[in-house]
file start-v3.tsv (TSV, C-alpha atoms)
chain	number	residue	atom	x	y	z
B	35	MET	CA	-109.74	71.88	5.56
B	36	ASP	CA	-108.83	69.53	2.73
B	37	ARG	CA	-111.85	70.10	0.48
B	38	MET	CA	-111.28	66.94	-1.56
B	39	PHE	CA	-111.32	64.43	1.28
B	40	GLY	CA	-112.83	66.42	4.13
B	41	THR	CA	-109.78	65.71	6.31
B	42	PRO	CA	-108.72	68.59	8.56
B	43	LEU	CA	-105.24	69.87	7.89
B	44	LYS	CA	-103.02	69.81	10.97
B	45	LEU	CA	-100.36	72.48	11.47
B	46	ALA	CA	-97.46	72.65	13.93
B	47	LEU	CA	-95.81	76.07	14.14
B	48	PHE	CA	-92.35	76.28	15.66
B	49	ASP	CA	-90.44	79.14	17.16
B	50	CYS	CA	-86.82	79.11	15.99
B	51	ASP	CA	-84.33	80.56	18.51
B	52	GLY	CA	-84.46	78.62	21.75
B	53	THR	CA	-86.86	76.02	20.36
B	54	LEU	CA	-85.28	74.54	17.24
B	55	ILE	CA	-81.86	76.21	17.41
B	56	ASP	CA	-79.62	77.01	20.37
B	57	SER	CA	-78.60	80.47	19.23
B	58	GLN	CA	-78.11	82.19	22.57
B	59	HIS	CA	-74.34	82.67	22.25
B	60	ALA	CA	-74.60	84.23	18.79
B	61	ILE	CA	-77.44	86.52	19.90
B	62	VAL	CA	-75.67	87.67	23.07
B	63	SER	CA	-72.44	88.29	21.15
B	64	ALA	CA	-74.12	90.35	18.43
B	65	MET	CA	-76.14	92.36	20.95
B	66	THR	CA	-72.98	93.05	22.94
B	67	ALA	CA	-71.19	94.23	19.79
B	68	ALA	CA	-74.08	96.58	18.99
B	69	TRP	CA	-74.02	98.08	22.49
B	70	ILE	CA	-70.26	98.57	22.43
B	71	SER	CA	-70.46	100.27	19.02
B	72	GLU	CA	-72.80	102.83	20.60
B	73	GLY	CA	-70.50	103.40	23.57
B	74	LEU	CA	-72.94	101.72	25.93
B	75	GLU	CA	-72.20	99.37	28.79
B	76	LYS	CA	-72.78	95.89	27.43
B	77	PRO	CA	-76.06	94.22	28.45
B	78	GLU	CA	-76.04	91.28	30.83
B	79	PRO	CA	-76.40	87.98	28.94
B	80	VAL	CA	-79.30	86.87	31.13
B	81	ARG	CA	-81.25	89.99	30.13
B	82	VAL	CA	-80.53	89.38	26.45
B	83	ARG	CA	-81.79	85.80	26.69
B	84	ARG	CA	-85.00	87.06	28.29
B	85	VAL	CA	-85.95	89.07	25.19
B	86	VAL	CA	-85.16	86.38	22.60
B	87	GLY	CA	-88.31	85.83	20.58
B	88	LEU	CA	-89.41	89.45	20.40
B	89	SER	CA	-88.95	91.39	17.19
B	90	LEU	CA	-85.47	92.94	17.11
B	91	VAL	CA	-86.43	96.58	17.68
B	92	GLU	CA	-88.77	95.60	20.52
B	93	ALA	CA	-86.03	93.47	22.09
B	94	VAL	CA	-83.61	96.38	21.88
B	95	ALA	CA	-86.18	98.71	23.44
B	96	CYS	CA	-86.69	96.31	26.34
B	97	LEU	CA	-82.94	96.20	26.95
B	98	LEU	CA	-82.56	99.98	26.67
B	99	PRO	CA	-85.83	101.49	27.94
B	100	ASP	CA	-84.28	104.94	28.34
B	101	GLY	CA	-83.28	105.11	24.67
B	102	ASP	CA	-85.35	106.79	21.99
B	103	PRO	CA	-86.80	105.15	18.86
B	104	VAL	CA	-83.98	106.46	16.68
B	105	GLN	CA	-81.35	104.90	18.92
B	106	HIS	CA	-83.33	101.66	19.12
B	107	GLY	CA	-83.45	101.48	15.34
B	108	ARG	CA	-79.74	102.21	15.06
B	109	LEU	CA	-78.88	99.51	17.59
B	110	ALA	CA	-81.06	97.02	15.77
B	111	GLU	CA	-79.19	97.70	12.54
B	112	ARG	CA	-75.83	97.39	14.30
B	113	TYR	CA	-76.98	94.07	15.75
B	114	LYS	CA	-77.85	92.78	12.27
B	115	VAL	CA	-74.44	93.79	10.94
B	116	ALA	CA	-72.63	92.13	13.84
B	117	PHE	CA	-74.70	88.95	13.65
B	118	HIS	CA	-74.19	88.62	9.90
B	119	ARG	CA	-70.45	89.32	10.22
B	120	GLU	CA	-70.00	86.72	12.95
B	121	ARG	CA	-72.05	84.13	11.06
B	122	LEU	CA	-69.90	84.58	7.94
B	123	ALA	CA	-66.77	84.29	10.06
B	124	GLY	CA	-68.03	81.07	11.63
B	125	ILE	CA	-67.46	82.45	15.12
B	126	HIS	CA	-70.52	80.88	16.70
B	127	ARG	CA	-72.26	77.56	16.31
B	128	GLU	CA	-76.05	77.50	16.36
B	129	PRO	CA	-76.75	73.80	16.83
B	130	LEU	CA	-80.11	72.09	16.60
B	131	PHE	CA	-81.36	71.03	20.00
B	132	PRO	CA	-81.14	67.26	20.57
B	133	GLY	CA	-83.99	65.26	19.07
B	134	LEU	CA	-85.48	68.10	17.06
B	135	ARG	CA	-84.69	66.78	13.57
B	136	GLN	CA	-86.15	63.42	14.58
B	137	ALA	CA	-89.27	65.20	15.87
B	138	LEU	CA	-89.72	67.06	12.57
B	139	GLU	CA	-89.29	63.82	10.64
B	140	ALA	CA	-91.86	62.06	12.84
B	141	LEU	CA	-94.41	64.84	12.40
B	142	GLU	CA	-93.85	64.77	8.64
B	143	ARG	CA	-94.55	61.02	8.62
B	144	GLN	CA	-97.78	61.70	10.50
B	145	GLY	CA	-98.88	64.09	7.75
B	146	VAL	CA	-98.65	67.18	9.96
B	147	LEU	CA	-97.91	70.41	8.12
B	148	MET	CA	-95.20	72.51	9.72
B	149	GLY	CA	-94.25	76.16	9.77
B	150	ILE	CA	-92.20	78.70	11.70
B	151	ALA	CA	-93.22	81.84	13.55
B	152	THR	CA	-90.17	83.73	14.78
B	153	GLY	CA	-88.81	87.08	15.79
B	154	LYS	CA	-85.86	86.54	13.41
B	155	SER	CA	-85.71	88.40	10.14
B	156	LEU	CA	-86.62	86.42	7.05
B	157	ARG	CA	-83.02	86.70	5.85
B	158	GLY	CA	-81.71	85.32	9.13
B	159	LEU	CA	-84.30	82.56	9.25
B	160	THR	CA	-83.60	81.50	5.67
B	161	ALA	CA	-79.87	81.32	6.39
B	162	THR	CA	-80.45	79.26	9.53
B	163	LEU	CA	-82.74	76.78	7.79
B	164	ALA	CA	-80.31	76.42	4.89
B	165	HIS	CA	-77.40	75.81	7.26
B	166	HIS	CA	-79.26	72.95	8.95
B	167	ASP	CA	-80.99	71.68	5.79
B	168	LEU	CA	-84.42	72.20	7.35
B	169	ALA	CA	-86.25	74.33	4.78
B	170	SER	CA	-88.07	71.41	3.15
B	171	PHE	CA	-89.98	70.66	6.36
B	172	PHE	CA	-91.86	73.96	6.43
B	173	VAL	CA	-94.80	75.15	4.35
B	174	THR	CA	-95.01	78.62	5.88
B	175	LEU	CA	-92.35	80.96	7.30
B	176	GLN	CA	-93.61	83.85	9.39
B	177	THR	CA	-91.35	86.63	10.66
B	178	ALA	CA	-91.88	90.08	12.10
B	179	ASP	CA	-90.54	91.74	8.93
B	180	VAL	CA	-94.03	92.31	7.53
B	181	GLY	CA	-96.15	92.87	10.61
B	182	PRO	CA	-96.36	92.84	14.41
B	183	GLY	CA	-94.08	90.54	16.36
B	184	LYS	CA	-94.87	88.31	19.32
B	185	PRO	CA	-97.06	88.13	21.32
B	186	ASP	CA	-99.38	89.67	18.72
B	187	PRO	CA	-101.19	86.78	16.96
B	188	ALA	CA	-100.66	88.20	13.45
B	189	MET	CA	-97.93	85.71	12.49
B	190	ILE	CA	-100.11	82.76	13.42
B	191	ARG	CA	-103.07	84.17	11.53
B	192	ARG	CA	-100.93	84.59	8.41
B	193	ALA	CA	-99.67	81.03	8.80
B	194	LEU	CA	-103.24	79.75	8.99
B	195	ALA	CA	-104.17	81.65	5.85
B	196	GLU	CA	-101.12	80.38	3.94
B	197	SER	CA	-101.44	76.74	5.02
B	198	GLY	CA	-105.23	76.38	4.92
B	199	ALA	CA	-105.34	74.98	8.45
B	200	ASP	CA	-107.88	76.00	11.08
B	201	ALA	CA	-106.96	77.35	14.51
B	202	ALA	CA	-108.60	74.31	16.12
B	203	ASN	CA	-106.10	72.03	14.36
B	204	THR	CA	-102.98	74.14	14.95
B	205	VAL	CA	-100.33	74.08	17.68
B	206	MET	CA	-97.62	76.65	18.44
B	207	ILE	CA	-94.39	75.32	19.96
B	208	GLY	CA	-92.02	77.69	21.74
B	209	ASP	CA	-89.67	78.27	24.64
B	210	THR	CA	-90.85	81.70	25.81
B	211	VAL	CA	-93.96	83.24	27.29
B	212	PHE	CA	-94.16	85.35	24.10
B	213	ASP	CA	-94.82	82.16	22.12
B	214	ILE	CA	-97.43	80.90	24.57
B	215	GLU	CA	-99.20	84.25	24.79
B	216	MET	CA	-99.27	84.52	20.99
B	217	ALA	CA	-100.77	81.03	20.73
B	218	ARG	CA	-103.46	81.74	23.30
B	219	ARG	CA	-104.39	85.02	21.63
B	220	ALA	CA	-104.67	83.25	18.27
B	221	GLY	CA	-106.83	80.48	19.72
B	222	VAL	CA	-104.40	77.65	18.92
B	223	GLY	CA	-102.79	74.98	21.08
B	224	ALA	CA	-99.62	75.88	22.95
B	225	VAL	CA	-96.68	73.59	23.75
B	226	GLY	CA	-93.91	75.03	25.89
B	227	VAL	CA	-90.41	73.55	25.71
B	228	THR	CA	-88.07	73.73	28.67
B	229	TRP	CA	-84.69	73.60	26.90
B	230	GLY	CA	-84.87	77.23	25.79
B	231	TYR	CA	-84.69	80.63	27.47
B	232	HIS	CA	-87.73	80.88	29.79
B	233	GLU	CA	-88.54	78.67	32.77
B	234	GLU	CA	-91.17	75.95	32.90
B	235	ASP	CA	-93.23	77.68	35.58
B	236	GLU	CA	-93.37	80.81	33.43
B	237	LEU	CA	-94.59	78.80	30.42
B	238	ARG	CA	-97.29	77.16	32.53
B	239	ALA	CA	-98.37	80.50	34.01
B	240	ALA	CA	-98.64	81.94	30.49
B	241	GLY	CA	-101.11	79.19	29.60
B	242	ALA	CA	-99.17	76.38	27.92
B	243	HIS	CA	-101.44	73.40	27.29
B	244	ARG	CA	-98.55	70.95	27.30
B	245	ILE	CA	-94.89	71.01	28.36
B	246	ALA	CA	-92.09	69.11	26.61
B	247	ARG	CA	-88.86	68.61	28.53
B	248	THR	CA	-86.98	66.65	25.84
B	249	GLY	CA	-87.11	66.22	22.09
B	250	GLU	CA	-88.66	62.80	22.66
B	251	ASP	CA	-91.55	64.42	24.59
B	252	LEU	CA	-92.31	66.84	21.80
B	253	VAL	CA	-94.18	64.79	19.20
B	254	PRO	CA	-96.64	63.21	21.68
B	255	ALA	CA	-97.33	66.63	23.22
B	256	ILE	CA	-98.09	68.10	19.80
B	257	LEU	CA	-100.24	65.22	18.59
B	258	GLU	CA	-102.32	65.28	21.78
B	259	LEU	CA	-103.43	68.81	20.86
B	260	LEU	CA	-104.05	68.27	17.14
call {"tool": "encode", "arguments": {"input": "start-v3.tsv", "output": "structure tokens"}}
result
Amino acid sequence: MDRMFGTPLKLALFDCDGTLIDSQHAIVSAMTAAWISEGLEKPEPVRVRRVVGLSLVEAVACLLPDGDPVQHGRLAERYKVAFHRERLAGIHREPLFPGLRQALEALERQGVLMGIATGKSLRGLTATLAHHDLASFFVTLQTADVGPGKPDPAMIRRALAESGADAANTVMIGDTVFDIEMARRAGVGAVGVTWGYHEEDELRAAGAHRIARTGEDLVPAILELL
């Protein structure tokens, strides 16, 4: 709450991969490189896309349930190395989804605070935001580096504490059921987007309050919940 004017602060929290950025090809490539480096049969791309949004070690564990924690940790580190190497080499593009910059600009004009809650590392998130010149839009950046990942509500709770917003005036926007479940557990609004890596019916079943099918749909869906 803005104590000076009594006006509630409004906060829109965005997932990154699959919501703001189409990073599936880079993620699949780096995960494949990690698997190959361990002498494992490479994972199917569709399975990799299904775990986007989870913290890295948890995603690896989902893809390799028969592995042990040591191997999961080793694969996660190999993934980071491969992803960083391929980013420096410019092998993969990670474009913004259509209409997303315009949506951020529109929310900014409406006085909505914005933040990110993502399974990416802070280093990876910072690099992505710098590449797309997006950092100035966001007042809080939450990653799984310092606490539980999705769908645990910890990232949202930290974002609320950092921004000063209340849960009643906050919306989480994401493309996976992990985002929607996190939002519901934190007691904030949930907008599911259909251009990412989980299907619309899954987002609805997880409890999304609104669905956006295009970038143009996004701002009205968010403002309806704030």
call {"tool": "closest_residue", "arguments": {"input": "start-v3.tsv", "among": "B:Gly124, B:Gly107, B:Pro42, B:Gly52", "to": "B:Glu72", "atoms": "all atoms listed in the file"}}
result
B:Gly107
call {"tool": "closest_residue", "arguments": {"input": "start-v3.tsv", "among": "B:Ala217, B:Leu74, B:Leu130, B:Val104", "to": "B:Asp167", "atoms": "only C-alpha atoms"}}
result
B:Leu130
call {"tool": "residues_near_point", "arguments": {"input": "start-v3.tsv", "point": "(-97.8, 76.6, 23.3)", "cutoff": "7 Å", "atoms": "only C-alpha atoms", "output": "number ranges by chain"}}
result
B: 205-208, 213-214, 217, 223-226, 242-244
call {"tool": "residues_around", "arguments": {"input": "start-v3.tsv", "residues": "stretch 230-234 of chain B", "least_positions_apart": "2", "cutoff": "6 Å", "atoms": "all atoms listed in the file", "output": "list in words"}}
result
Gly52, Thr53, Arg83, Asp209, Thr210, Thr228, Glu236 and Leu237 of chain B
call {"tool": "closest_residue", "arguments": {"input": "start-v3.tsv", "among": "B:Gly133, B:Gly249, B:Gly198, B:Gly87", "to": "B:Glu215", "atoms": "all atoms listed in the file"}}
result
B:Gly87
call {"tool": "closest_residue", "arguments": {"input": "start-v3.tsv", "among": "B:Ala64, B:Glu142, B:Glu92, B:Leu97", "to": "B:Arg119", "atoms": "all atoms listed in the file"}}
result
B:Ala64
call {"tool": "residues_around", "arguments": {"input": "start-v3.tsv", "residues": "stretch 66-69 of chain B", "least_positions_apart": "5", "cutoff": "7 Å", "atoms": "only C-alpha atoms", "output": "VMD selection string"}}
result
chain B and resid 74 to 77 109 112 to 113 116
call {"tool": "atom_distance", "arguments": {"input": "start-v3.tsv", "atom1": "atom CA of B:Leu257", "atom2": "atom CA of B:Ala46"}}
result
9.2 Å
call {"tool": "atom_distance", "arguments": {"input": "start-v3.tsv", "atom1": "atom CA of B:Asp179", "atom2": "atom CA of B:Gly153"}}
result
8.5 Å
call {"tool": "build_atoms", "arguments": {"input": "start-v3.tsv", "residues": "stretch 214-241 of chain B", "atoms": "N, CA and C atoms", "output": "tab-separated table (two decimals), in the coordinates of the input"}}
result
chain	number	residue	atom	x	y	z
B	214	ILE	N	-96.20	81.42	23.96
B	214	ILE	CA	-97.43	80.90	24.57
B	214	ILE	C	-98.54	81.94	24.53
B	215	GLU	N	-98.20	83.19	24.83
B	215	GLU	CA	-99.20	84.25	24.79
B	215	GLU	C	-99.73	84.45	23.38
B	216	MET	N	-98.85	84.39	22.38
B	216	MET	CA	-99.27	84.52	20.99
B	216	MET	C	-100.23	83.39	20.62
B	217	ALA	N	-99.90	82.17	21.02
B	217	ALA	CA	-100.77	81.03	20.73
B	217	ALA	C	-102.14	81.20	21.36
B	218	ARG	N	-102.17	81.58	22.62
B	218	ARG	CA	-103.46	81.74	23.30
B	218	ARG	C	-104.29	82.84	22.66
B	219	ARG	N	-103.65	83.93	22.27
B	219	ARG	CA	-104.39	85.02	21.63
B	219	ARG	C	-104.91	84.64	20.26
B	220	ALA	N	-104.23	83.71	19.60
B	220	ALA	CA	-104.67	83.25	18.27
B	220	ALA	C	-105.67	82.10	18.36
B	221	GLY	N	-105.88	81.56	19.55
B	221	GLY	CA	-106.83	80.48	19.72
B	221	GLY	C	-106.31	79.13	19.25
B	222	VAL	N	-104.99	78.93	19.31
B	222	VAL	CA	-104.40	77.65	18.92
B	222	VAL	C	-103.78	76.98	20.14
B	223	GLY	N	-103.45	75.69	20.00
B	223	GLY	CA	-102.79	74.98	21.08
B	223	GLY	C	-101.41	75.53	21.34
B	224	ALA	N	-100.92	75.34	22.56
B	224	ALA	CA	-99.62	75.88	22.95
B	224	ALA	C	-98.80	74.82	23.67
B	225	VAL	N	-97.62	74.52	23.11
B	225	VAL	CA	-96.68	73.59	23.75
B	225	VAL	C	-95.44	74.39	24.14
B	226	GLY	N	-95.12	74.38	25.42
B	226	GLY	CA	-93.91	75.03	25.89
B	226	GLY	C	-92.78	74.03	26.01
B	227	VAL	N	-91.58	74.42	25.59
B	227	VAL	CA	-90.41	73.55	25.71
B	227	VAL	C	-89.46	74.14	26.74
B	228	THR	N	-88.84	73.26	27.52
B	228	THR	CA	-88.07	73.73	28.67
B	228	THR	C	-86.58	73.84	28.41
B	229	TRP	N	-86.14	73.53	27.18
B	229	TRP	CA	-84.69	73.60	26.90
B	229	TRP	C	-84.26	74.97	26.37
B	230	GLY	N	-85.18	75.92	26.33
B	230	GLY	CA	-84.87	77.23	25.79
B	230	GLY	C	-84.56	78.26	26.85
B	231	TYR	N	-85.16	79.47	26.72
B	231	TYR	CA	-84.69	80.63	27.47
B	231	TYR	C	-85.65	81.14	28.54
B	232	HIS	N	-86.85	80.56	28.68
B	232	HIS	CA	-87.73	80.88	29.79
B	232	HIS	C	-87.99	79.62	30.60
B	233	GLU	N	-88.38	79.79	31.86
B	233	GLU	CA	-88.54	78.67	32.77
B	233	GLU	C	-89.89	77.99	32.62
B	234	GLU	N	-89.94	76.72	33.03
B	234	GLU	CA	-91.17	75.95	32.90
B	234	GLU	C	-92.34	76.59	33.63
B	235	ASP	N	-92.12	77.09	34.84
B	235	ASP	CA	-93.23	77.68	35.58
B	235	ASP	C	-93.78	78.92	34.88
B	236	GLU	N	-92.91	79.65	34.18
B	236	GLU	CA	-93.37	80.81	33.43
B	236	GLU	C	-94.24	80.38	32.24
B	237	LEU	N	-93.83	79.31	31.56
B	237	LEU	CA	-94.59	78.80	30.42
B	237	LEU	C	-95.96	78.32	30.88
B	238	ARG	N	-96.00	77.63	32.00
B	238	ARG	CA	-97.29	77.16	32.53
B	238	ARG	C	-98.17	78.34	32.92
B	239	ALA	N	-97.59	79.33	33.58
B	239	ALA	CA	-98.37	80.50	34.01
B	239	ALA	C	-98.92	81.27	32.82
B	240	ALA	N	-98.18	81.25	31.69
B	240	ALA	CA	-98.64	81.94	30.49
B	240	ALA	C	-99.77	81.20	29.78
B	241	GLY	N	-99.98	79.93	30.16
B	241	GLY	CA	-101.11	79.19	29.60
B	241	GLY	C	-100.76	78.04	28.68
